[in-house]
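model09.txt, holding compact mmCIF, C-alpha atoms and all ligand atoms:
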```txt
# COMPACT_ATOMS: atom_id res chain seq x y z
CA MET R 2 -3.36 -8.34 38.48
CA PRO R 3 -0.61 -6.22 36.90
CA ARG R 4 -1.97 -4.18 34.04
CA LEU R 5 -0.41 -4.74 30.61
CA ASN R 6 1.80 -1.96 29.29
CA LEU R 7 1.78 -1.16 25.58
CA ALA R 8 4.60 0.00 23.33
CA ILE R 9 3.28 1.13 19.96
CA ILE R 10 5.59 1.62 16.99
CA GLY R 11 3.83 3.23 14.01
CA VAL R 12 0.97 5.71 14.23
CA GLY R 13 -0.10 5.90 10.58
CA GLY R 14 -3.51 4.76 9.35
CA VAL R 15 -3.68 1.49 11.29
CA GLY R 16 -1.79 2.77 14.35
CA THR R 17 -4.13 5.73 14.76
CA ALA R 18 -7.23 3.52 14.38
CA PHE R 19 -5.75 1.08 16.91
CA ILE R 20 -5.17 3.82 19.51
CA SER R 21 -8.73 5.02 19.00
CA GLN R 22 -10.16 1.48 19.40
CA LEU R 23 -8.26 1.05 22.68
CA GLN R 24 -10.81 3.40 24.23
CA SER R 25 -13.52 0.77 23.69
CA LEU R 26 -11.85 -1.60 26.19
CA PRO R 27 -13.20 -1.56 29.75
CA SER R 28 -11.02 0.73 31.83
CA ASP R 29 -10.08 -2.04 34.28
CA VAL R 30 -8.32 -4.08 31.54
CA ARG R 31 -7.29 -1.29 29.17
CA PRO R 32 -3.49 -1.36 28.84
CA SER R 33 -1.47 1.80 29.37
CA ILE R 34 0.60 3.17 26.50
CA ILE R 35 4.09 3.65 27.91
CA PHE R 36 6.04 4.02 24.65
CA LEU R 37 4.98 5.49 21.33
CA SER R 38 7.01 5.95 18.18
CA ARG R 39 6.91 7.05 14.58
CA SER R 40 9.98 7.24 12.31
CA SER R 41 11.41 10.44 13.69
CA LYS R 42 9.75 10.84 17.09
CA GLN R 43 9.45 8.82 20.26
CA LEU R 44 7.50 9.48 23.44
CA TYR R 45 8.16 7.72 26.74
CA GLY R 46 8.74 8.52 30.39
CA THR R 47 11.59 7.26 32.53
CA ASN R 48 9.28 5.63 35.09
CA TYR R 49 6.97 3.75 32.68
CA SER R 50 4.07 6.07 33.39
CA PRO R 51 1.33 6.33 30.72
CA VAL R 52 1.95 8.77 27.86
CA ASP R 53 -0.57 10.89 25.95
CA PRO R 54 -0.47 10.05 22.20
CA SER R 55 -1.35 13.66 21.33
CA GLU R 56 2.06 14.68 22.71
CA LEU R 57 4.11 12.53 20.32
CA GLN R 58 4.69 15.27 17.77
CA SER R 59 6.03 17.74 20.33
CA SER R 60 8.03 15.11 22.24
CA SER R 61 11.71 15.75 22.94
CA SER R 62 12.40 12.18 24.15
CA LYS R 63 15.82 10.97 23.00
CA LEU R 64 15.48 8.54 20.06
CA LEU R 65 16.24 4.99 21.17
CA SER R 66 17.61 2.33 18.80
CA ILE R 67 15.64 -0.91 18.49
CA PRO R 68 17.92 -2.80 20.96
CA ASP R 69 17.64 0.15 23.36
CA ILE R 70 13.83 0.05 23.06
CA ALA R 71 13.92 -3.66 23.93
CA ALA R 72 16.21 -2.99 26.91
CA HIS R 73 14.01 -0.11 28.12
CA LEU R 74 10.78 -2.13 27.84
CA SER R 75 12.25 -5.24 29.46
CA SER R 76 12.73 -3.32 32.74
CA SER R 77 9.04 -2.37 32.92
CA PRO R 78 7.50 -3.43 36.23
CA ASN R 79 4.40 -4.71 34.35
CA PRO R 80 4.24 -7.13 31.39
CA VAL R 81 4.69 -5.36 28.04
CA CYS R 82 3.19 -5.92 24.60
CA LEU R 83 4.83 -4.35 21.56
CA VAL R 84 2.39 -3.36 18.79
CA ASP R 85 4.24 -2.98 15.50
CA ASN R 86 2.04 -0.94 13.17
CA THR R 87 4.80 -0.29 10.63
CA SER R 88 5.81 -2.21 7.52
CA ASN R 89 9.45 -1.90 8.55
CA GLN R 90 11.79 -4.89 8.13
CA ASP R 91 14.21 -3.79 10.89
CA VAL R 92 11.45 -3.70 13.48
CA ALA R 93 10.23 -7.09 12.20
CA ASP R 94 13.74 -8.58 12.42
CA ALA R 95 13.83 -7.64 16.12
CA TYR R 96 10.74 -9.64 17.18
CA PRO R 97 12.91 -12.55 18.48
CA LEU R 98 14.83 -10.02 20.59
CA PHE R 99 11.64 -8.54 22.08
CA LEU R 100 10.13 -11.97 22.72
CA SER R 101 13.35 -13.22 24.34
CA ARG R 102 12.97 -10.28 26.78
CA ASN R 103 9.42 -11.50 27.61
CA ILE R 104 7.81 -8.72 25.56
CA SER R 105 4.78 -9.95 23.57
CA VAL R 106 4.51 -8.87 19.93
CA ILE R 107 1.34 -8.23 17.92
CA THR R 108 1.33 -6.81 14.42
CA PRO R 109 -0.36 -6.46 11.02
CA ASN R 110 3.14 -6.28 9.45
CA LYS R 111 3.69 -9.21 7.03
CA LYS R 112 7.46 -8.75 6.81
CA ALA R 113 8.57 -10.96 9.71
CA PHE R 114 6.36 -13.88 8.84
CA SER R 115 6.92 -13.95 5.10
CA SER R 116 10.65 -13.36 4.76
CA ASN R 117 13.25 -16.00 5.52
CA LEU R 118 12.14 -19.13 7.32
CA LYS R 119 14.84 -18.74 9.98
CA LEU R 120 13.21 -15.53 11.22
CA TRP R 121 9.87 -17.34 11.47
CA ASP R 122 11.49 -20.17 13.45
CA ASP R 123 13.37 -17.71 15.70
CA ILE R 124 10.16 -15.79 16.46
CA PHE R 125 8.10 -18.78 17.47
CA SER R 126 10.88 -20.49 19.38
CA ALA R 127 11.52 -17.26 21.32
CA ALA R 128 7.80 -17.13 22.18
CA GLN R 129 7.84 -20.81 23.17
CA ASN R 130 10.96 -20.36 25.31
CA SER R 131 9.31 -17.54 27.26
CA ASN R 132 7.23 -20.22 29.03
CA GLY R 133 3.95 -18.35 28.76
CA LYS R 134 5.37 -14.89 29.45
CA ALA R 135 5.42 -13.58 25.86
CA PHE R 136 3.14 -14.24 22.89
CA CYS R 137 3.25 -13.38 19.23
CA TYR R 138 0.07 -12.84 17.17
CA HIS R 139 -0.33 -11.43 13.67
CA GLU R 140 -3.99 -11.90 12.68
CA SER R 141 -4.07 -8.81 10.45
CA SER R 142 -1.05 -9.85 8.38
CA VAL R 143 -3.45 -11.86 6.16
CA GLY R 144 -6.91 -10.53 5.25
CA ALA R 145 -6.71 -7.57 7.68
CA GLY R 146 -9.36 -8.06 10.42
CA LEU R 147 -10.86 -11.20 8.85
CA PRO R 148 -10.33 -14.18 11.18
CA VAL R 149 -8.10 -16.03 8.72
CA ILE R 150 -5.05 -16.91 10.81
CA SER R 151 -6.97 -17.67 14.00
CA SER R 152 -9.39 -19.93 12.07
CA LEU R 153 -6.54 -21.82 10.39
CA ASN R 154 -4.78 -22.25 13.73
CA ASP R 155 -8.02 -23.46 15.34
CA LEU R 156 -8.63 -25.99 12.55
CA ILE R 157 -5.14 -27.41 12.95
CA LYS R 158 -5.01 -27.34 16.75
CA THR R 159 -8.35 -29.12 17.05
CA GLY R 160 -7.06 -31.96 14.90
CA ASP R 161 -8.66 -31.26 11.52
CA THR R 162 -6.62 -31.98 8.40
CA VAL R 163 -6.35 -28.98 6.10
CA THR R 164 -5.94 -30.24 2.56
CA ARG R 165 -6.16 -27.04 0.50
CA ILE R 166 -6.39 -23.29 1.00
CA GLU R 167 -7.55 -21.18 -1.92
CA GLY R 168 -8.77 -17.67 -2.39
CA VAL R 169 -8.52 -14.07 -3.43
CA PHE R 170 -6.07 -12.44 -1.04
CA SER R 171 -5.78 -8.92 -2.44
CA GLY R 172 -8.54 -6.33 -2.30
CA THR R 173 -6.94 -4.54 -5.23
CA MET R 174 -6.78 -7.65 -7.43
CA SER R 175 -10.31 -8.52 -6.35
CA PHE R 176 -11.60 -5.11 -7.44
CA LEU R 177 -9.67 -5.15 -10.74
CA PHE R 178 -10.90 -8.58 -11.84
CA ASN R 179 -14.46 -8.27 -10.51
CA THR R 180 -14.71 -5.10 -12.64
CA PHE R 181 -12.83 -6.44 -15.68
CA ALA R 182 -14.66 -9.77 -15.87
CA PRO R 183 -17.85 -9.61 -13.76
CA ALA R 184 -19.65 -12.92 -13.21
CA SER R 185 -23.02 -11.32 -13.93
CA GLY R 186 -23.52 -8.73 -16.66
CA SER R 187 -20.56 -7.71 -18.78
CA SER R 188 -17.85 -5.10 -19.02
CA THR R 189 -16.26 -3.73 -22.16
CA ASP R 190 -13.71 -1.63 -20.27
CA LYS R 191 -10.10 -2.31 -21.12
CA TRP R 192 -7.73 -3.61 -18.46
CA SER R 193 -5.54 -0.48 -18.54
CA LYS R 194 -8.57 1.78 -18.08
CA ILE R 195 -9.72 -0.18 -15.02
CA VAL R 196 -6.22 -0.10 -13.50
CA GLY R 197 -6.04 3.67 -14.19
CA GLU R 198 -9.39 4.32 -12.54
CA ALA R 199 -8.48 2.16 -9.54
CA LYS R 200 -5.22 4.06 -9.17
CA ALA R 201 -7.01 7.41 -9.34
CA ALA R 202 -9.50 6.27 -6.68
CA GLY R 203 -6.67 5.18 -4.35
CA TYR R 204 -7.55 1.48 -4.61
CA THR R 205 -4.03 0.57 -5.72
CA GLU R 206 -0.63 1.36 -4.23
CA PRO R 207 0.73 4.69 -5.54
CA ASP R 208 2.69 2.58 -8.06
CA PRO R 209 0.21 -0.11 -9.23
CA ARG R 210 3.13 -2.38 -10.06
CA ASP R 211 3.39 -3.03 -6.29
CA ASP R 212 -0.02 -4.73 -6.53
CA LEU R 213 0.32 -6.23 -9.99
CA ASN R 214 3.60 -8.03 -9.29
CA GLY R 215 1.69 -10.46 -7.02
CA MET R 216 4.23 -10.27 -4.19
CA ASP R 217 1.75 -9.02 -1.60
CA VAL R 218 -0.40 -12.09 -2.28
CA ALA R 219 2.70 -14.30 -2.28
CA ARG R 220 3.66 -13.01 1.17
CA LYS R 221 0.20 -13.86 2.54
CA LEU R 222 0.36 -17.34 1.00
CA THR R 223 3.80 -17.86 2.55
CA ILE R 224 2.34 -17.09 5.99
CA LEU R 225 -0.65 -19.44 5.61
CA ALA R 226 1.46 -22.22 4.09
CA ARG R 227 3.87 -22.06 7.03
CA ILE R 228 1.00 -22.21 9.54
CA ALA R 229 -0.28 -25.25 7.63
CA GLY R 230 3.11 -26.87 8.22
CA LEU R 231 4.87 -26.30 4.88
CA LYS R 232 8.53 -25.26 5.05
CA VAL R 233 8.15 -22.46 2.51
CA GLN R 234 11.44 -20.59 2.24
CA GLY R 235 9.87 -17.30 1.15
CA PRO R 236 7.47 -15.59 -1.27
CA ASP R 237 9.92 -16.10 -4.15
CA SER R 238 10.23 -19.84 -3.64
CA PHE R 239 7.04 -20.80 -5.53
CA PRO R 240 5.41 -19.73 -8.83
CA VAL R 241 3.94 -16.23 -8.71
CA GLN R 242 2.46 -14.82 -11.91
CA SER R 243 3.28 -11.14 -12.22
CA LEU R 244 0.80 -9.02 -14.18
CA ILE R 245 3.55 -6.59 -15.10
CA PRO R 246 4.31 -7.25 -18.77
CA GLU R 247 7.96 -8.11 -19.30
CA SER R 248 8.52 -5.12 -21.56
CA LEU R 249 7.20 -2.82 -18.81
CA GLN R 250 9.34 -4.25 -16.01
CA SER R 251 11.92 -1.57 -16.63
CA ALA R 252 9.52 1.41 -16.88
CA SER R 253 11.27 4.12 -14.93
CA SER R 254 8.17 5.53 -13.24
CA SER R 255 4.61 4.68 -12.39
CA ASP R 256 3.44 7.27 -14.96
CA GLU R 257 5.48 5.66 -17.74
CA PHE R 258 4.08 2.26 -16.72
CA MET R 259 0.50 3.54 -16.87
CA GLN R 260 1.10 5.20 -20.27
CA LYS R 261 2.35 1.95 -21.78
CA LEU R 262 -0.11 -0.41 -20.05
CA PRO R 263 -2.66 -0.24 -22.93
CA ASP R 264 -0.13 -2.24 -25.03
CA PHE R 265 -0.95 -5.13 -22.68
CA ASP R 266 -4.75 -4.87 -23.04
CA SER R 267 -5.02 -7.48 -25.80
CA GLU R 268 -3.15 -10.04 -23.71
CA MET R 269 -5.52 -9.51 -20.76
CA GLU R 270 -8.50 -9.58 -23.14
CA SER R 271 -7.39 -12.97 -24.42
CA TYR R 272 -7.37 -14.42 -20.87
CA LYS R 273 -10.87 -13.06 -20.38
CA GLU R 274 -12.17 -14.42 -23.70
CA LYS R 275 -10.64 -17.84 -23.12
CA ALA R 276 -12.43 -18.05 -19.76
CA GLU R 277 -15.72 -16.80 -21.27
CA LYS R 278 -15.62 -19.52 -23.94
CA GLU R 279 -15.70 -22.05 -21.11
CA GLY R 280 -18.47 -20.15 -19.29
CA LYS R 281 -15.95 -19.04 -16.65
CA VAL R 282 -14.31 -15.83 -15.38
CA VAL R 283 -10.67 -15.01 -14.84
CA ARG R 284 -9.52 -14.25 -11.27
CA TYR R 285 -6.18 -13.71 -9.50
CA VAL R 286 -6.05 -16.66 -7.13
CA GLY R 287 -3.63 -17.93 -4.52
CA SER R 288 -3.67 -21.60 -3.60
CA ILE R 289 -1.88 -23.96 -1.26
CA ASP R 290 -2.17 -27.69 -1.84
CA VAL R 291 -1.11 -28.91 1.56
CA GLN R 292 -0.83 -32.57 0.62
CA SER R 293 1.38 -32.06 -2.42
CA GLN R 294 3.10 -29.07 -0.74
CA LYS R 295 2.48 -26.86 -3.78
CA VAL R 296 1.88 -23.13 -3.48
CA LYS R 297 1.04 -20.89 -6.43
CA VAL R 298 -0.30 -17.46 -7.21
CA GLY R 299 -1.69 -16.32 -10.55
CA LEU R 300 -4.56 -16.15 -13.01
CA GLU R 301 -7.12 -18.93 -12.92
CA MET R 302 -10.34 -19.57 -14.79
CA VAL R 303 -13.07 -20.18 -12.21
CA GLU R 304 -16.74 -21.11 -12.49
CA LYS R 305 -19.04 -18.07 -12.47
CA GLY R 306 -21.20 -19.67 -9.79
CA SER R 307 -18.28 -20.46 -7.49
CA ALA R 308 -17.54 -18.44 -4.36
CA ILE R 309 -14.46 -16.88 -5.99
CA GLY R 310 -16.18 -16.28 -9.34
CA GLY R 311 -19.10 -14.47 -7.72
CA LEU R 312 -17.05 -12.01 -5.63
CA ASN R 313 -18.04 -8.34 -5.73
CA GLY R 314 -16.22 -5.11 -5.01
CA SER R 315 -12.85 -5.48 -3.34
CA ASP R 316 -13.63 -8.32 -0.92
CA ASN R 317 -11.11 -10.97 0.02
CA LEU R 318 -12.34 -14.56 0.10
CA ILE R 319 -10.50 -17.47 1.64
CA CYS R 320 -11.63 -21.11 1.38
CA PHE R 321 -10.28 -23.75 3.76
CA TYR R 322 -10.78 -27.28 2.46
CA THR R 323 -10.44 -29.74 5.32
CA LYS R 324 -11.27 -33.33 6.18
CA ARG R 325 -14.02 -32.25 8.59
CA TYR R 326 -15.62 -29.72 6.26
CA GLY R 327 -15.63 -32.19 3.35
CA ALA R 328 -16.51 -31.00 -0.15
CA ASN R 329 -17.87 -27.61 1.00
CA PRO R 330 -15.05 -25.46 2.31
CA LEU R 331 -15.08 -23.18 5.33
CA VAL R 332 -15.30 -19.77 3.65
CA ILE R 333 -14.24 -16.43 5.11
CA GLN R 334 -15.17 -13.32 3.13
CA GLY R 335 -15.09 -9.57 3.63
CA ALA R 336 -12.96 -6.46 3.42
CA GLY R 337 -9.28 -7.42 3.46
CA ALA R 338 -7.97 -3.88 3.88
CA GLY R 339 -8.85 -0.62 5.61
CA ASN R 340 -7.50 1.01 8.74
CA ASP R 341 -10.43 0.23 11.03
CA VAL R 342 -10.80 -3.44 10.13
CA THR R 343 -7.03 -3.96 10.24
CA ALA R 344 -6.84 -2.31 13.66
CA MET R 345 -9.69 -4.56 14.81
CA GLY R 346 -7.56 -7.62 13.98
CA VAL R 347 -4.69 -6.14 16.00
CA MET R 348 -7.11 -5.45 18.86
CA SER R 349 -8.32 -9.06 18.80
CA ASP R 350 -4.67 -10.12 19.18
CA LEU R 351 -4.30 -7.69 22.06
CA LEU R 352 -7.30 -9.22 23.84
CA LYS R 353 -5.57 -12.61 23.68
CA VAL R 354 -2.38 -11.17 25.16
CA ILE R 355 -4.35 -9.42 27.92
CA GLU R 356 -6.08 -12.70 28.84
CA ARG R 357 -2.92 -14.76 28.67
CA THR R 358 -0.65 -12.44 30.65
CA ARG R 359 -3.08 -12.05 33.54
N1 LIG R 401 -3.92 -0.23 5.90
C1 LIG R 401 -4.39 -1.44 5.64
O1 LIG R 401 -5.48 -1.60 5.07
C2 LIG R 401 -3.59 -2.65 6.04
C3 LIG R 401 -4.17 -3.92 5.89
C4 LIG R 401 -3.45 -5.06 6.32
C5 LIG R 401 -2.17 -4.87 6.85
N2 LIG R 401 -1.64 -3.61 6.94
C6 LIG R 401 -0.30 -3.45 7.49
O2 LIG R 401 -0.36 -2.57 8.60
C7 LIG R 401 0.89 -1.91 8.75
C8 LIG R 401 0.64 -0.41 8.89
O3 LIG R 401 -0.02 0.05 7.73
P1 LIG R 401 -0.48 1.59 7.61
O4 LIG R 401 -1.38 1.62 6.45
O5 LIG R 401 -0.94 2.09 8.92
O6 LIG R 401 0.92 2.29 7.24
P2 LIG R 401 1.25 3.85 7.30
O7 LIG R 401 0.02 4.67 7.33
O8 LIG R 401 2.27 4.08 6.24
O9 LIG R 401 1.95 4.05 8.73
C9 LIG R 401 3.19 3.50 9.05
C10 LIG R 401 3.65 4.08 10.37
O10 LIG R 401 4.86 3.42 10.73
C11 LIG R 401 5.83 4.42 11.09
N3 LIG R 401 7.16 3.86 10.88
C12 LIG R 401 7.69 3.37 9.74
N4 LIG R 401 8.95 2.94 9.97
C13 LIG R 401 9.21 3.17 11.28
C14 LIG R 401 10.32 2.93 12.13
N5 LIG R 401 11.44 2.38 11.67
N6 LIG R 401 10.23 3.30 13.43
C15 LIG R 401 9.12 3.88 13.90
N7 LIG R 401 8.01 4.10 13.16
C16 LIG R 401 8.06 3.75 11.85
C17 LIG R 401 5.49 5.60 10.23
O11 LIG R 401 6.05 6.77 10.79
P3 LIG R 401 6.27 8.11 9.91
O12 LIG R 401 4.91 8.57 9.54
O13 LIG R 401 6.97 9.01 10.85
O14 LIG R 401 7.12 7.69 8.75
C18 LIG R 401 3.97 5.58 10.31
O15 LIG R 401 3.55 6.17 11.53
C19 LIG R 401 1.72 -2.30 7.51
O16 LIG R 401 2.59 -3.34 7.83
C20 LIG R 401 0.66 -2.77 6.52
O17 LIG R 401 1.16 -3.69 5.58
C21 LIG R 401 -2.33 -2.51 6.57
```

If you took the structure in this file and wrote it as structure tokens, what would it be?
Ligand SMILES: NC(=O)c1ccc[n+]([C@@H]2O[C@H](COP(=O)([O-])OP(=O)(O)OC[C@H]3O[C@@H](n4cnc5c(N)ncnc54)[C@H](OP(=O)(O)O)[C@@H]3O)[C@@H](O)[C@H]2O)c1
Amino acid sequence: MPRLNLAIIGVGGVGTAFISQLQSLPSDVRPSIIFLSRSSKQLYGTNYSPVDPSELQSSSSKLLSIPDIAAHLSSSPNPVCLVDNTSNQDVADAYPLFLSRNISVITPNKKAFSSNLKLWDDIFSAAQNSNGKAFCYHESSVGAGLPVISSLNDLIKTGDTVTRIEGVFSGTMSFLFNTFAPASGSSTDKWSKIVGEAKAAGYTEPDPRDDLNGMDVARKLTILARIAGLKVQGPDSFPVQSLIPESLQSASSSDEFMQKLPDFDSEMESYKEKAEKEGKVVRYVGSIDVQSQKVKVGLEMVEKGSAIGGLNGSDNLICFYTKRYGANPLVIQGAGAGNDVTAMGVMSDLLKVIERTR
């Protein structure tokens, strides 16, 4: 059987963990890396021989454009799988090109699957038109290594009816709200203090507004809604509650935002108190009502004893309500971020490609 060749774009946190996990594959199925790239460096040979990742930094290979990479890979004597470990939109936009050249694509990058619907359609029709030569998987684009996308696909493909998907899709939001309004015990810490501490500990993006605007969650919901069959145009086509106060939208820097965030504490406190009066807790929840085709992201008051209400730490939690599972949803919970678990999701996609291109 021809051995799969790998082209890896992006060797940051996830890319490095992915390369390291490759070593755990049995040597007789382990793909060879024939192309490796970061923003300013590429490493490849002219005869598709394996490359040594440790030589990327000192490589003098001529930088190829994305179409040139596709052309180069499409002449490989063995099947090729592109692993996109970047968050780059240009690379994502080129997935239909790679797939149309019979190059499989696997990625944790949300961009391709959550931007315009045409790109989504182009990607999956290119994969379909390859007649089993090229596949596209993106397990880690929602919930990192948690089996969220594969489980949803399995539910649908085995004929179950998914009626609702609901959960906490951001490790950062999970941590902030589990700390701000714990289901057991109590916290008197102000919202701005908790955000500040999370930022200092590296639990938020460098600019916490990139978490608090809700767009990361909206992108994940867009992906799941599309898999569930909804024609969602994009993450801005349904209600998304931003936790950036209107008056702070224009703050010129992350520091200025953090300085002024305490002005917003009373508003957050009022959400918390309102929930407490009903014996509930406030959480940042994403939900997809498949039957009514409604998607939304924002603050919800949830029962303390519910799966979402009782979350701890920074876990993600995704509930699939389906006809087969009845009143008790299929629940998937665990770390939704981290290099190793994200790389594991990419590896699980790779195993599928290895099996299917044999
Ligand atoms: N980390 C997580 O917990 C997690 C969880 C779920 C999903 N993801 C997704 O996984 C992906 C990778 O995340 P990460 O944390 O590993 O990011 P990262 O550490 O910032 O690494 C990104 C890598 O991509 C490279 N890159 C960016 N643009 C490129 C381009 N145009 N051509 C070639 N290389 C390019 C960067 O190269 P330079 O260093 O040279 O710029 C870097 O090696 C992202 O899409 C992210 O959303 C991550």

- Message: Residues within 12 Å of (-8.9, -1.0, 33.5), file coordinates, counting all atoms listed in the file: what are they? Give the list as a list in words.
- Response: Met2, Pro3, Arg4, Leu5, Asn6, Leu23, Gln24, Ser25, Leu26, Pro27, Ser28, Asp29, Val30, Arg31, Pro32, Ser33 and Ile355 of chain R

- Between R:Ser175, R:Ser288, R:Thr164, R:Asn340, which has the minimum distance to ligand LIG 401 (chain R) (counting all atoms listed in the file)? R:Asn340

- Message: Can you pull out the residues contacting Asp123 of chain R? Cut-off 10 Å, using all atoms listed in the file, and skip same-chain residues under 5 positions away; I want them as a list in words.
- Response: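 What passes the distance filter is Asp94, Tyr96, Pro97, Leu98, Leu100, Ser101, Leu118, Ala128 and Gln129 of chain R.
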
- Task: Between atom CA of Val233 of chain R and atom CA of Gln294 of chain R, measure the distance and give it in Å to one decimal.
- Result: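 Value for the atom CA of Val233 of chain R-atom CA of Gln294 of chain R distance: 8.9 Å.
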
- Task: Tell me, as a ChimeraX atom specification, which residues lie within 9 Å of Ile107 of chain R, counting only C-alpha atoms; anything in the same chain fewer than 2 positions away does not count.
- Result: /R:82-86,105,109-110,136-140,347-348,350-351,354

- Mind listing the residues within 7 Å of ligand LIG 401 (chain R), all atoms listed in the file counted, as a ChimeraX atom specification? /R:10-16,38-41,86-89,91-92,109-111,141-145,337-340,343

- Query: Taking only C-alpha atoms into account, which of R:Ser152, R:Ser187, R:Gln242, R:Ser77 comes nearest Gly299 of chain R?
  - Reply: R:Gln242

- Message: List as a PyMOL selection string the protein and nucleic acid residues near Met174 of chain R, meaning an atom at most 9 Å away when only C-alpha atoms are counted, but skip any in the same chain fewer than 4 places from it.
- Response: chain R and resi 169-170+178-179+205+212-213+215+284-285+315

Could you write those residues out with C-alpha atoms, as a tab-separated table (two decimals), keeping the file's coordinate frame?
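Here's the written file part39.tsv:
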```
chain	number	residue	atom	x	y	z
R	169	VAL	CA	-8.52	-14.07	-3.43
R	170	PHE	CA	-6.07	-12.44	-1.04
R	178	PHE	CA	-10.90	-8.58	-11.84
R	179	ASN	CA	-14.46	-8.27	-10.51
R	205	THR	CA	-4.03	0.57	-5.72
R	212	ASP	CA	-0.02	-4.73	-6.53
R	213	LEU	CA	0.32	-6.23	-9.99
R	215	GLY	CA	1.69	-10.46	-7.02
R	284	ARG	CA	-9.52	-14.25	-11.27
R	285	TYR	CA	-6.18	-13.71	-9.50
R	315	SER	CA	-12.85	-5.48	-3.34
```

- Message: Using all atoms listed in the file, can you tell me which of R:Ser248, R:Asn214, R:Ser267, R:Gln234 comes closest to Asp190 of chain R?
- Response: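 Closest to Asp190 of chain R, using all atoms listed in the file: R:Ser267.
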
- Message: List as a list of chain:residue names the protein and nucleic acid residues near Ala182 of chain R, meaning an atom at most 9 Å away when only C-alpha atoms are counted, but skip any in the same chain fewer than 4 places from it.
- Response: R:Leu177, R:Phe178, R:Gly186, R:Ser187, R:Ser188, R:Thr189, R:Lys273, R:Glu277, R:Val282, R:Val283, R:Arg284

- Message: With distances taken over all atoms listed in the file, which residue among R:Ala18, R:Val163, R:Val296, R:Ile157 lies nearest Gly327 of chain R?
- Response: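 Distance minimum relative to Gly327 of chain R lands on R:Val163.
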
- Message: Between atom CA of Tyr272 of chain R and atom CA of Arg165 of chain R, what distance in Å does the model show, to one decimal?
- Response: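 If I compute the distance from atom CA of Tyr272 of chain R to atom CA of Arg165 of chain R, I get 24.8 Å.
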
- Which value, in Å to one decimal, gives the distance between atom CA of Gly311 of chain R and atom CA of Ala276 of chain R?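 These two atoms are separated by 14.2 Å.
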
Please list as an mmCIF file with C-alpha atoms, in the coordinates of the input every residue within 10 Å of Ser307 of chain R, counting all atoms listed in the file and excluding residues in the same chain fewer than 3 positions away.
```cif
data_model
loop_
_atom_site.group_PDB
_atom_site.id
_atom_site.type_symbol
_atom_site.label_atom_id
_atom_site.label_comp_id
_atom_site.auth_asym_id
_atom_site.auth_seq_id
_atom_site.Cartn_x
_atom_site.Cartn_y
_atom_site.Cartn_z
ATOM 1 C CA ALA R 184 -19.650 -12.920 -13.210
ATOM 2 C CA LYS R 281 -15.950 -19.040 -16.650
ATOM 3 C CA VAL R 282 -14.310 -15.830 -15.380
ATOM 4 C CA VAL R 303 -13.070 -20.180 -12.210
ATOM 5 C CA GLU R 304 -16.740 -21.110 -12.490
ATOM 6 C CA GLY R 310 -16.180 -16.280 -9.340
ATOM 7 C CA GLY R 311 -19.100 -14.470 -7.720
ATOM 8 C CA LEU R 312 -17.050 -12.010 -5.630
#
```
